[in-house]
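*Asks:* Supplied structure: data-v6.tsv, TSV, C-alpha atoms and all ligand atoms.
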```tsv
chain	number	residue	atom	x	y	z
A	150	MET	CA	69.69	185.50	260.06
A	151	THR	CA	73.34	185.23	261.01
A	152	GLY	CA	76.26	187.50	260.32
A	153	SER	CA	79.92	187.46	261.20
A	154	VAL	CA	82.88	189.78	261.38
A	155	GLU	CA	86.55	188.85	261.56
A	156	VAL	CA	89.10	191.30	262.88
A	157	VAL	CA	92.63	190.66	261.64
A	158	TYR	CA	95.20	192.27	263.91
A	159	ARG	CA	98.87	192.26	264.80
A	160	GLY	CA	99.47	189.71	267.55
A	161	ILE	CA	100.05	191.17	271.02
A	162	PHE	CA	100.33	194.81	269.86
A	163	GLN	CA	96.68	194.97	268.84
A	164	LYS	CA	95.23	192.14	270.87
A	165	HIS	CA	93.11	194.36	273.14
A	166	LEU	CA	91.93	196.35	270.14
A	167	GLY	CA	90.76	193.22	268.30
A	168	GLN	CA	88.96	191.93	271.38
A	169	ARG	CA	87.26	195.24	272.12
A	170	ILE	CA	85.83	195.42	268.61
A	171	THR	CA	84.40	191.89	268.50
A	172	ARG	CA	83.11	192.12	272.07
A	173	GLY	CA	81.48	195.47	271.21
A	174	ILE	CA	79.70	193.88	268.25
A	175	VAL	CA	78.22	191.13	270.41
A	176	LEU	CA	77.13	193.53	273.17
A	177	ALA	CA	75.48	195.82	270.60
A	178	ALA	CA	73.71	192.85	268.98
A	179	TRP	CA	72.36	191.77	272.38
A	180	LYS	CA	70.77	195.22	272.67
A	181	GLU	CA	68.73	194.29	269.59
A	182	GLY	CA	67.57	191.00	271.10
A	183	LYS	CA	70.03	188.90	269.07
A	184	VAL	CA	72.48	186.33	270.37
A	185	GLY	CA	76.18	186.31	269.64
A	186	ILE	CA	79.65	185.23	270.62
A	187	SER	CA	83.14	186.64	270.17
A	188	PHE	CA	86.26	184.54	270.26
A	189	GLY	CA	89.93	184.59	269.35
A	190	ARG	CA	91.00	182.17	266.67
A	191	TYR	CA	94.43	181.84	268.25
A	192	GLY	CA	93.59	182.66	271.84
A	193	ASP	CA	94.87	179.35	273.11
A	194	SER	CA	98.21	179.48	271.35
A	195	PRO	CA	101.34	181.53	271.84
A	196	GLU	CA	100.30	184.73	270.16
A	197	ARG	CA	103.46	186.58	269.15
A	198	ASN	CA	104.47	190.16	268.50
A	199	GLY	CA	103.31	191.27	265.08
A	200	ILE	CA	102.22	187.84	263.83
A	201	PRO	CA	98.77	188.21	262.25
A	202	ALA	CA	95.98	186.90	264.50
A	203	LYS	CA	92.18	187.00	264.41
A	204	SER	CA	89.20	187.74	266.60
A	205	PHE	CA	85.70	186.82	265.40
A	206	ALA	CA	82.17	187.98	266.26
A	207	VAL	CA	79.21	185.86	265.19
A	208	VAL	CA	75.67	187.18	265.64
A	209	ALA	CA	72.33	185.41	265.01
A	210	ASP	CA	68.61	185.81	265.65
A	211	THR	CA	68.31	182.52	267.53
A	212	GLU	CA	70.48	180.12	269.56
A	213	GLU	CA	69.95	177.41	266.92
A	214	GLU	CA	71.20	179.62	264.11
A	215	LEU	CA	74.21	180.61	266.18
A	216	GLN	CA	75.09	176.99	266.94
A	217	ALA	CA	74.72	176.02	263.29
A	218	HIS	CA	77.04	178.84	262.28
A	219	LEU	CA	79.64	177.84	264.86
A	220	SER	CA	79.72	174.20	263.86
A	221	ARG	CA	82.39	174.97	261.26
A	222	TYR	CA	86.06	175.33	262.01
A	223	GLU	CA	86.02	179.09	261.71
A	224	PRO	CA	83.63	181.62	260.14
A	225	ASN	CA	84.69	181.54	256.48
A	226	ASN	CA	82.00	183.68	254.91
A	227	ASN	CA	82.31	186.93	256.79
A	228	ASP	CA	80.19	189.98	256.06
A	229	VAL	CA	83.04	192.21	257.13
A	230	THR	CA	86.77	191.58	257.47
A	231	VAL	CA	88.47	194.30	259.48
A	232	ALA	CA	92.20	194.93	259.03
A	233	VAL	CA	93.35	197.23	261.83
A	234	ASP	CA	96.75	197.67	260.20
A	235	ASP	CA	96.86	198.35	256.45
A	236	THR	CA	100.08	196.37	255.96
A	237	LEU	CA	97.89	193.27	256.52
A	238	CYS	CA	96.36	193.95	253.08
A	239	LYS	CA	99.45	192.24	251.65
A	240	GLY	CA	98.11	188.99	253.08
A	241	VAL	CA	98.53	187.18	256.36
A	242	GLU	CA	100.69	184.24	257.26
A	243	SER	CA	100.76	182.31	260.49
A	244	TRP	CA	101.58	178.80	261.52
A	245	ALA	CA	97.93	177.94	261.04
A	246	TRP	CA	97.89	178.37	257.25
A	247	TYR	CA	100.12	176.91	254.60
A	248	GLY	CA	101.40	180.04	252.98
A	249	LEU	CA	99.97	183.51	252.55
A	250	GLN	CA	96.24	184.01	253.09
A	251	PRO	CA	94.79	186.97	251.14
A	252	ILE	CA	93.11	189.47	253.46
A	253	ASN	CA	89.78	189.00	251.64
A	254	LYS	CA	89.91	185.19	251.54
A	255	LEU	CA	87.30	184.70	254.28
A	256	THR	CA	85.18	187.69	253.21
A	257	ARG	CA	81.92	186.57	251.59
A	258	PRO	CA	81.14	187.60	247.98
A	259	GLY	CA	79.68	191.09	248.22
A	260	GLY	CA	81.22	191.52	251.68
A	261	THR	CA	83.60	194.26	252.75
A	262	VAL	CA	87.21	194.53	253.86
A	263	LEU	CA	87.34	197.49	256.24
A	264	VAL	CA	90.82	198.98	256.72
A	265	THR	CA	92.14	201.68	259.05
A	266	SER	CA	94.54	203.54	256.79
A	267	ILE	CA	95.70	206.88	255.49
A	268	GLN	CA	95.77	205.37	252.00
A	269	THR	CA	92.97	205.48	249.45
A	270	PRO	CA	91.02	202.33	248.44
A	271	GLU	CA	92.85	202.41	245.08
A	272	GLU	CA	96.22	202.37	246.81
A	273	LEU	CA	95.16	199.51	249.05
A	274	LEU	CA	94.01	197.52	246.02
A	275	LYS	CA	97.63	197.29	244.86
A	276	ASP	CA	98.13	194.95	247.83
A	277	CYS	CA	94.77	193.19	248.33
A	278	HIS	CA	94.65	190.04	246.21
A	279	ARG	CA	91.99	189.46	243.56
A	280	LYS	CA	88.85	187.55	244.42
A	281	ASP	CA	86.54	185.48	242.20
A	282	ALA	CA	83.54	187.65	243.07
A	283	GLU	CA	82.67	191.28	243.65
A	284	TRP	CA	83.58	192.64	247.05
A	285	ASN	CA	84.10	196.04	248.67
A	286	VAL	CA	86.97	197.82	250.26
A	287	ALA	CA	86.17	200.45	252.89
A	288	VAL	CA	88.53	202.85	254.63
A	289	ILE	CA	88.41	204.63	257.96
A	290	LYS	CA	91.04	207.32	257.85
A	291	GLY	CA	93.75	206.86	260.45
A	292	THR	CA	97.07	205.22	261.16
A	293	ALA	CA	97.39	201.75	262.66
A	294	SER	CA	96.69	201.76	266.36
A	295	PHE	CA	99.40	199.97	268.30
A	296	SER	CA	99.00	199.68	272.02
A	297	GLY	CA	102.12	197.72	272.97
A	298	LEU	CA	102.17	194.90	275.44
A	299	TRP	CA	100.37	196.26	278.47
A	300	VAL	CA	99.22	199.72	277.52
A	301	TYR	CA	95.94	200.31	275.72
A	302	LYS	CA	96.35	203.37	273.54
A	303	ASP	CA	92.84	204.75	273.40
A	304	ASP	CA	92.72	206.65	270.12
A	305	HIS	CA	89.07	205.63	269.49
A	306	THR	CA	89.96	203.11	266.78
A	307	ASP	CA	87.72	200.55	268.54
A	308	VAL	CA	84.57	202.68	268.40
A	309	ARG	CA	85.38	204.09	264.97
A	310	VAL	CA	85.48	200.53	263.63
A	311	LEU	CA	82.19	199.73	265.41
A	312	GLY	CA	80.53	202.82	263.88
A	313	ALA	CA	81.73	201.80	260.40
A	314	ILE	CA	80.47	198.23	260.85
A	315	ALA	CA	77.02	199.60	261.71
A	316	LYS	CA	77.05	201.34	258.32
A	317	LEU	CA	78.44	198.39	256.34
A	318	ALA	CA	76.44	195.59	257.95
A	319	PRO	CA	73.32	197.00	259.67
A	320	HIS	CA	71.85	193.49	259.81
A	321	ILE	CA	74.59	192.68	262.37
A	322	VAL	CA	74.46	195.89	264.47
A	323	LYS	CA	72.73	199.22	264.14
A	324	LEU	CA	74.30	202.56	265.01
A	325	GLU	CA	71.84	203.16	267.89
A	326	SER	CA	72.88	199.94	269.62
A	327	VAL	CA	76.57	200.71	269.06
A	328	GLU	CA	76.04	204.11	270.67
A	329	ALA	CA	74.13	202.56	273.56
A	330	ILE	CA	76.87	200.07	274.42
A	331	ILE	CA	79.62	202.69	274.13
A	332	ARG	CA	77.77	204.75	276.74
A	333	GLU	CA	77.37	201.70	278.97
A	334	GLU	CA	80.83	200.22	278.52
A	335	TRP	CA	83.01	203.30	278.28
A	336	GLY	CA	80.74	206.06	279.60
A	337	ASP	CA	82.38	208.48	277.18
A	338	GLU	CA	80.29	210.78	275.00
A	339	LEU	CA	83.36	211.69	272.89
A	340	LYS	CA	83.70	208.04	271.89
A	341	VAL	CA	80.03	208.00	270.88
A	342	THR	CA	80.74	211.00	268.65
A	343	SER	CA	83.73	209.21	267.12
A	344	ALA	CA	81.58	206.17	266.28
A	345	ARG	CA	78.92	208.35	264.68
A	346	LYS	CA	81.44	210.31	262.60
A	347	SER	CA	82.99	207.10	261.40
A	348	TYR	CA	79.50	205.84	260.43
A	349	ASP	CA	79.03	209.00	258.34
A	350	ARG	CA	82.51	209.18	256.85
A	351	VAL	CA	83.53	205.63	256.04
A	352	VAL	CA	84.51	205.46	252.37
A	353	VAL	CA	83.35	202.38	250.45
A	354	ARG	CA	84.46	201.28	246.99
A	355	LYS	CA	83.14	198.33	244.99
A	356	VAL	CA	85.84	195.99	243.68
A	357	ARG	CA	85.44	193.89	240.55
A	358	PRO	CA	87.00	190.43	240.26
A	359	ASP	CA	89.55	191.77	237.76
A	360	GLU	CA	90.77	194.44	240.20
A	361	GLY	CA	93.38	194.01	242.91
A	362	ASN	CA	96.79	192.39	243.16
A	363	PRO	CA	96.96	189.67	240.47
A	364	GLU	CA	99.87	187.84	242.15
A	365	LYS	CA	99.27	184.22	243.14
A	366	PRO	CA	99.70	184.07	246.94
A	367	TYR	CA	102.66	182.06	248.15
A	368	GLU	CA	101.64	178.58	249.36
A	369	PHE	CA	103.18	175.23	250.21
A	370	GLN	CA	101.95	171.75	250.98
A	371	LEU	CA	102.64	169.98	254.25
A	372	LEU	CA	103.54	166.31	254.22
A	373	LYS	CA	100.58	163.92	254.28
A	374	TRP	CA	100.56	161.49	257.18
A	375	TRP	CA	101.54	158.60	254.92
A	376	GLU	CA	104.54	160.54	253.65
A	377	MET	CA	105.98	161.13	257.12
A	378	LYS	CA	108.93	159.17	258.40
A	379	GLU	CA	108.61	156.79	261.32
A	380	GLY	CA	109.46	158.26	264.70
A	381	LEU	CA	110.32	161.87	265.22
A	382	VAL	CA	112.66	162.90	262.46
A	383	ILE	CA	113.33	166.54	261.78
A	384	PRO	CA	115.80	167.03	258.94
A	385	GLY	CA	118.44	169.61	259.82
A	386	ILE	CA	119.02	172.71	257.74
A	387	PRO	CA	122.62	173.41	256.64
A	388	VAL	CA	124.21	176.36	258.47
A	389	ARG	CA	125.19	177.94	255.17
A	390	GLN	CA	123.39	177.86	251.84
A	391	GLN	CA	125.28	178.82	248.73
A	392	ALA	CA	123.31	181.36	246.73
A	393	GLU	CA	123.72	181.21	242.98
A	394	GLY	CA	126.17	183.79	241.65
A	395	TRP	CA	127.24	184.71	245.17
A	396	GLU	CA	130.67	183.08	245.30
A	397	GLY	CA	132.38	184.30	248.43
A	398	GLY	CA	129.05	185.10	250.05
A	399	TYR	CA	126.31	182.86	251.49
A	400	ARG	CA	122.86	182.72	253.03
A	401	PRO	CA	122.45	181.44	256.57
A	402	GLY	CA	120.33	178.23	256.75
A	403	ARG	CA	116.62	179.03	257.03
A	404	ASN	CA	113.29	177.32	257.10
A	405	PRO	CA	112.43	177.18	253.38
A	406	THR	CA	108.66	177.23	253.87
A	407	PHE	CA	107.80	179.59	256.72
A	408	LYS	CA	108.45	183.05	255.35
A	409	LYS	CA	107.92	186.05	257.58
A	410	PHE	CA	107.13	188.89	255.25
A	411	SER	CA	103.54	189.23	256.40
A	412	THR	CA	104.68	189.67	259.99
A	413	ARG	CA	106.37	192.87	259.06
A	414	THR	CA	104.95	196.37	259.41
A	415	MET	CA	108.30	197.99	258.56
A	416	ARG	CA	111.41	196.83	256.75
A	417	PRO	CA	115.06	197.89	256.94
A	418	VAL	CA	116.56	199.79	254.02
A	419	VAL	CA	120.36	199.53	253.96
A	420	ASP	CA	122.82	202.11	252.61
A	421	PHE	CA	125.64	199.89	251.31
A	422	GLU	CA	127.83	202.92	250.62
A	423	THR	CA	128.04	204.09	254.22
A	424	CYS	CA	128.10	200.57	255.69
A	425	THR	CA	131.44	199.82	257.38
A	426	LYS	CA	130.85	196.03	257.35
A	427	CYS	CA	131.11	196.01	261.14
A	428	THR	CA	128.91	192.83	261.31
A	429	ILE	CA	126.76	194.10	264.20
A	430	CYS	CA	123.43	193.91	262.34
A	431	TRP	CA	124.27	190.40	261.16
A	432	LEU	CA	125.16	189.30	264.68
A	433	GLN	CA	122.19	190.93	266.39
A	434	CYS	CA	119.36	190.11	263.98
A	435	PRO	CA	117.22	187.66	265.99
A	436	ASP	CA	116.05	185.89	262.82
A	437	SER	CA	119.42	185.52	261.02
A	438	CYS	CA	118.06	187.54	258.16
A	439	PHE	CA	121.24	189.03	256.83
A	440	ASP	CA	122.75	187.32	253.81
A	441	VAL	CA	126.50	187.75	253.58
A	442	THR	CA	127.24	189.25	250.18
A	443	PRO	CA	130.33	188.48	248.05
A	444	THR	CA	131.59	192.00	248.88
A	445	GLY	CA	131.26	191.41	252.65
A	446	HIS	CA	128.17	193.59	253.07
A	447	TYR	CA	125.04	192.41	254.85
A	448	ASP	CA	121.79	192.26	252.92
A	449	ALA	CA	118.53	191.87	254.87
A	450	ASN	CA	116.62	189.04	253.19
A	451	MET	CA	113.04	190.19	252.73
A	452	GLU	CA	111.57	186.69	252.90
A	453	ALA	CA	113.06	186.17	256.35
A	454	CYS	CA	112.86	189.62	257.96
A	455	CYS	CA	110.05	190.04	260.52
A	456	GLY	CA	110.63	193.80	260.79
A	457	CYS	CA	111.64	193.97	264.46
A	458	GLY	CA	113.91	196.99	263.95
A	459	VAL	CA	116.84	195.64	265.99
A	460	CYS	CA	119.27	196.16	263.09
A	461	GLU	CA	118.36	199.83	262.82
A	462	ALA	CA	118.79	200.25	266.56
A	463	VAL	CA	122.23	198.61	266.71
A	464	CYS	CA	123.83	199.93	263.51
A	465	PRO	CA	126.51	202.42	264.60
A	466	VAL	CA	126.48	204.41	261.34
A	467	LYS	CA	123.94	207.24	261.09
A	468	ASP	CA	121.09	206.50	258.63
A	469	CYS	CA	122.86	203.40	257.35
A	470	ILE	CA	119.83	201.27	258.24
A	471	THR	CA	116.40	202.92	258.26
A	472	MET	CA	113.14	201.19	259.03
A	473	VAL	CA	110.46	202.17	256.49
A	474	ASN	CA	106.71	201.45	256.50
A	475	GLU	CA	105.98	198.24	254.61
A	476	GLN	CA	103.33	200.02	252.53
A	477	ALA	CA	106.10	201.84	250.67
A	478	PHE	CA	107.11	198.59	248.90
A	479	GLU	CA	105.46	196.42	246.31
A	480	ASP	CA	107.74	193.39	246.34
A	481	ASN	CA	110.39	191.59	248.37
A	482	ALA	CA	113.28	192.25	245.98
A	483	GLY	CA	116.83	192.01	247.33
A	484	GLN	CA	118.39	195.39	247.99
A	485	PHE	CA	122.00	194.34	247.43
A	486	GLU	CA	121.24	193.04	243.95
A	487	MET	CA	119.54	196.32	243.15
A	488	HIS	CA	122.61	198.17	244.39
A	489	GLN	CA	125.00	196.01	242.36
A	490	LYS	CA	123.05	196.55	239.17
A	491	ASP	CA	123.02	200.33	239.38
A	492	PRO	CA	124.49	202.02	242.49
A	493	ALA	CA	123.27	205.49	241.47
A	494	ALA	CA	119.71	204.29	240.89
A	495	TYR	CA	119.83	202.46	244.23
A	496	LYS	CA	120.96	205.62	246.01
A	497	ALA	CA	118.06	207.53	244.48
A	498	TRP	CA	115.63	204.75	245.46
A	499	LEU	CA	116.98	204.64	249.03
A	500	THR	CA	116.87	208.43	249.43
A	501	GLU	CA	113.27	208.50	248.27
A	502	LYS	CA	112.24	205.63	250.58
A	503	ILE	CA	113.80	207.02	253.75
A	504	LYS	CA	113.06	210.71	253.32
A	505	ASP	CA	109.32	210.53	253.80
A	506	LYS	CA	108.82	210.79	257.53
A	507	VAL	CA	105.10	210.20	257.12
A	508	ILE	CA	105.83	206.64	256.15
A	509	THR	CA	109.00	206.04	258.17
A	510	GLN	CA	107.57	207.28	261.47
A	511	ARG	CA	105.38	204.41	262.46
A	512	SER	CA	105.19	202.41	265.60
A	513	HIS	CA	105.57	198.66	265.37
A	514	GLY	CA	105.75	198.33	269.10
A	515	PHE	CA	108.21	200.51	270.95
A	516	ARG	CA	111.69	200.95	269.61
A	517	TYR	CA	113.07	203.28	272.27
A	518	ARG	CA	112.27	204.59	275.72
A	519	GLY	CA	109.81	207.48	275.64
A	520	GLN	CA	108.38	206.59	272.22
A	521	TYR	CA	104.87	206.07	273.58
A	522	GLU	CA	104.85	209.54	275.18
A	523	GLU	CA	106.10	211.10	271.93
A	524	GLU	CA	103.45	209.36	269.87
A	525	ALA	CA	100.67	210.20	272.30
A	526	ALA	CA	101.67	213.88	272.17
A	527	HIS	CA	101.81	213.77	268.37
A	528	MET	CA	98.35	212.17	268.16
A	529	ALA	CA	96.93	214.72	270.58
A	530	ASN	CA	98.34	217.62	268.54
A	531	SER	CA	97.31	216.31	265.14
A	532	GLY	CA	93.93	214.95	266.23
A	533	ASP	CA	94.79	211.81	264.21
A	534	GLY	CA	92.19	209.15	264.70
A	535	VAL	CA	90.22	210.90	267.41
A	536	SER	CA	86.88	212.48	266.68
A	537	GLY	CA	87.94	216.06	265.92
A	538	ASP	CA	86.82	217.72	262.74
B	601	LIG	S1	114.28	194.23	261.14
B	601	LIG	FE1	116.49	193.86	261.01
B	601	LIG	S2	117.00	192.76	262.90
B	601	LIG	FE2	114.77	192.61	262.67
B	601	LIG	S3	114.39	190.72	261.56
B	601	LIG	FE3	114.57	192.32	260.00
B	601	LIG	S4	116.71	192.32	259.39
B	601	LIG	FE4	116.57	191.21	261.34
B	602	LIG	S1	125.49	197.37	261.50
B	602	LIG	FE1	125.40	198.96	259.91
B	602	LIG	S2	127.51	199.44	259.46
B	602	LIG	FE2	127.52	197.50	260.57
B	602	LIG	S3	127.47	195.94	258.95
B	602	LIG	FE3	125.35	196.34	259.52
B	602	LIG	S4	124.67	197.92	258.09
B	602	LIG	FE4	126.89	197.88	257.99
```
Represent the structure of the file as structure tokens.
*Replies:*
Amino acid sequence: MTGSVEVVYRGIFQKHLGQRITRGIVLAAWKEGKVGISFGRYGDSPERNGIPAKSFAVVADTEEELQAHLSRYEPNNNDVTVAVDDTLCKGVESWAWYGLQPINKLTRPGGTVLVTSIQTPEELLKDCHRKDAEWNVAVIKGTASFSGLWVYKDDHTDVRVLGAIAKLAPHIVKLESVEAIIREEWGDELKVTSARKSYDRVVVRKVRPDEGNPEKPYEFQLLKWWEMKEGLVIPGIPVRQQAEGWEGGYRPGRNPTFKKFSTRTMRPVVDFETCTKCTICWLQCPDSCFDVTPTGHYDANMEACCGCGVCEAVCPVKDCITMVNEQAFEDNAGQFEMHQKDPAAYKAWLTEKIKDKVITQRSHGFRYRGQYEEEAAHMANSGDGVSGD
């Protein structure tokens, strides 16, 4: 019998976390006399900050079964899909797919999407796309674990995920073998306790095919080889694109197919009333995301923004740009248009979005010096994620 798990993670920030989980699965399976392999789907490519990436673990009873399973391009019928950041439930996009891939696309019918989140399964289902079969969503309570480039932030997310997998897919690994490899690999009894608590506490909810986000995921077709031009021809993109109804304003030229919304864990919310039109955000945004509005304001385009937070950091006006957790939004609607339609309603919307520090305080990497120390102290005080009661 074979089984497989895919871990979907934020490139670079969660790379070590993804690897530790899939490696842990294989080591635990070996304890049970099985064979297995873990590998990164994009390990040989330039993995980039925040871009969704994957690590797989495949486990089988025999070498032959394992080889048969690995003969396909990638495991596409996974028993468990792990999302170690709940914003990935909106779908994942990378250069390897043509559009947005639903988080449950490679989960087998009856399989489970396991998410680390402080949201409930019902809340997560607003984002997870519908599937043609029954599946499950499971939650381990906790915020997304971001380790940054070189630091590994050990908040026990790795072993908590392993404990939950033992509960959800015991034919892949059993709790006893997970505990045994944690002792061997990490030599930490507290981590064993965390895995066991996660095994006991993971919340699972069945999902029917008519439940979940009904939206059709964004997709596009690449040119077929016979449609390509001879030689190397890359059509240029105009520097300015005229947006309809935006006379006097314009959109900077952008790649019309590669959209970056799934890269984002946070998005900027702009207060157009306090904005002084100083142009700094527009100049500094590394992805040229700001559309120039007819009134001379700058509107972050939500199909282009990768959520890096540079605009918030450089804006000289207090609270004029605030980065807010992506989970607080259900669409990619333009903020300036909303403001133009009803400034008072926009103000109320903006105030509500930025006031909730639970959702605005979230690490998507490190935005300022000392942030890691602050977060570590906060986690230690709140016991978030670690095995305390
Ligand atoms: S967060 Fe701000 S600076 Fe970064 S890509 Fe988005 S709009 Fe640009
Ligand atoms: S940096 Fe701030 S104040 Fe300046 S244009 Fe951008 S939003 Fe307005």
*Asks:* What's around Met451 (chain A) at 12 Å? Count all atoms listed in the file, leave out sequence neighbours fewer than 4 positions away in its own chain, and write the answer as a PyMOL selection string.
*Replies:* chain A and resi 408-413+415-419+436-440+455-456+475+478-485
*Asks:* Could you give me, as a PyMOL selection string, every polymer residue with an atom at most 9 Å away from an atom of ligand LIG 602 (chain B), counting all atoms listed in the file?
*Replies:* chain A and resi 419-433+439+445-448+460-470
*Asks:* Which residues, written as a PyMOL selection string, have at least one atom at most 8 Å from Val308 (chain A), with all atoms listed in the file counted and residues fewer than 5 positions away on the same chain left out?
*Replies:* chain A and resi 170+331+340-341+343-344
*Asks:* With 6 Å on each side, where is the centre of the axis-aligned box around all listed atoms of ligand LIG 601 (chain B), and how long are its edges in Å to one decimal, as lines of an AutoDock Vina configuration file?
*Replies:*
```
center_x = 115.6
center_y = 192.5
center_z = 261.1
size_x = 14.7
size_y = 15.5
size_z = 15.5
```
*Asks:* Fewer than 3 positions away in the same chain doesn't count, so skip those; otherwise give me all residues within 7 Å of Thr292 (chain A), counting only C-alpha atoms, as JSON, numbers by chain.
*Replies:* {"A": [265, 266, 267]}
*Asks:* So which one's closest to ligand LIG 601 (chain B), A:Gly199, A:Trp284, A:Ala494, A:Ile289? Using all atoms listed in the file, please.
*Replies:* A:Gly199
*Asks:* Can you pull out every residue within 7 Å of region 279-283 of chain A, counting only C-alpha atoms, but drop anything in the same chain fewer than 2 positions away, and send it as a list in words?
*Replies:* Pro258, Gly259, Cys277, Val356, Arg357, Pro358, Asp359, Glu360, Gly361, Asn362 and Pro363 of chain A
*Asks:* Using all atoms listed in the file, which residue out of A:Ser220, A:Arg400, A:Ile321, A:Gln489 lies closest to Glu452 (chain A)?
*Replies:*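 Under the stated criterion, the closest residue is A:Arg400.
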*Asks:* Counting all atoms listed in the file, which of A:Lys203, A:Lys365, A:Lys496, A:Lys290 gets nearest to Ala313 (chain A)?
*Replies:*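 Of A:Lys203, A:Lys365, A:Lys496, A:Lys290, the one nearest Ala313 (chain A) is A:Lys290, counting all atoms listed in the file.
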*Asks:* Distance CA of Tyr222 (chain A)-CA of Phe205 (chain A), one decimal place?
*Replies:*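 Rounded to one decimal, the two atoms are 12.0 Å apart.
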*Asks:* Restore N, CA and C atoms in region 275-288 of chain A and list the result as a PDB file, in the frame of the given file.
*Replies:*
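selection-v3.pdb, written as the output of this step:
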```
ATOM      1  N   LYS A 275      96.363 197.785 245.408  1.00  0.00           N
ATOM      2  CA  LYS A 275      97.630 197.290 244.860  1.00  0.00           C
ATOM      3  C   LYS A 275      98.100 196.083 245.672  1.00  0.00           C
ATOM      4  N   ASP A 276      97.687 196.039 246.947  1.00  0.00           N
ATOM      5  CA  ASP A 276      98.130 194.950 247.830  1.00  0.00           C
ATOM      6  C   ASP A 276      97.091 193.838 247.985  1.00  0.00           C
ATOM      7  N   CYS A 277      95.812 194.200 248.093  1.00  0.00           N
ATOM      8  CA  CYS A 277      94.770 193.190 248.330  1.00  0.00           C
ATOM      9  C   CYS A 277      94.683 192.272 247.101  1.00  0.00           C
ATOM     10  N   HIS A 278      94.678 190.974 247.327  1.00  0.00           N
ATOM     11  CA  HIS A 278      94.650 190.040 246.210  1.00  0.00           C
ATOM     12  C   HIS A 278      93.259 190.015 245.542  1.00  0.00           C
ATOM     13  N   ARG A 279      93.255 189.566 244.288  1.00  0.00           N
ATOM     14  CA  ARG A 279      91.990 189.460 243.560  1.00  0.00           C
ATOM     15  C   ARG A 279      91.110 188.379 244.156  1.00  0.00           C
ATOM     16  N   LYS A 280      89.810 188.526 243.910  1.00  0.00           N
ATOM     17  CA  LYS A 280      88.850 187.550 244.420  1.00  0.00           C
ATOM     18  C   LYS A 280      87.914 187.172 243.269  1.00  0.00           C
ATOM     19  N   ASP A 281      87.376 185.948 243.307  1.00  0.00           N
ATOM     20  CA  ASP A 281      86.540 185.480 242.200  1.00  0.00           C
ATOM     21  C   ASP A 281      85.147 186.098 242.174  1.00  0.00           C
ATOM     22  N   ALA A 282      84.880 187.055 243.007  1.00  0.00           N
ATOM     23  CA  ALA A 282      83.540 187.650 243.070  1.00  0.00           C
ATOM     24  C   ALA A 282      83.706 189.131 243.376  1.00  0.00           C
ATOM     25  N   GLU A 283      82.607 189.862 243.267  1.00  0.00           N
ATOM     26  CA  GLU A 283      82.670 191.280 243.650  1.00  0.00           C
ATOM     27  C   GLU A 283      82.779 191.397 245.151  1.00  0.00           C
ATOM     28  N   TRP A 284      83.499 192.363 245.623  1.00  0.00           N
ATOM     29  CA  TRP A 284      83.580 192.640 247.050  1.00  0.00           C
ATOM     30  C   TRP A 284      83.792 194.138 247.220  1.00  0.00           C
ATOM     31  N   ASN A 285      83.915 194.608 248.436  1.00  0.00           N
ATOM     32  CA  ASN A 285      84.100 196.040 248.670  1.00  0.00           C
ATOM     33  C   ASN A 285      85.312 196.273 249.539  1.00  0.00           C
ATOM     34  N   VAL A 286      85.949 197.410 249.311  1.00  0.00           N
ATOM     35  CA  VAL A 286      86.970 197.820 250.260  1.00  0.00           C
ATOM     36  C   VAL A 286      86.500 199.135 250.875  1.00  0.00           C
ATOM     37  N   ALA A 287      86.603 199.242 252.193  1.00  0.00           N
ATOM     38  CA  ALA A 287      86.170 200.450 252.890  1.00  0.00           C
ATOM     39  C   ALA A 287      87.320 200.957 253.746  1.00  0.00           C
ATOM     40  N   VAL A 288      87.404 202.268 253.882  1.00  0.00           N
ATOM     41  CA  VAL A 288      88.530 202.850 254.630  1.00  0.00           C
ATOM     42  C   VAL A 288      88.013 203.792 255.719  1.00  0.00           C
TER      43      VAL A 288
END
```
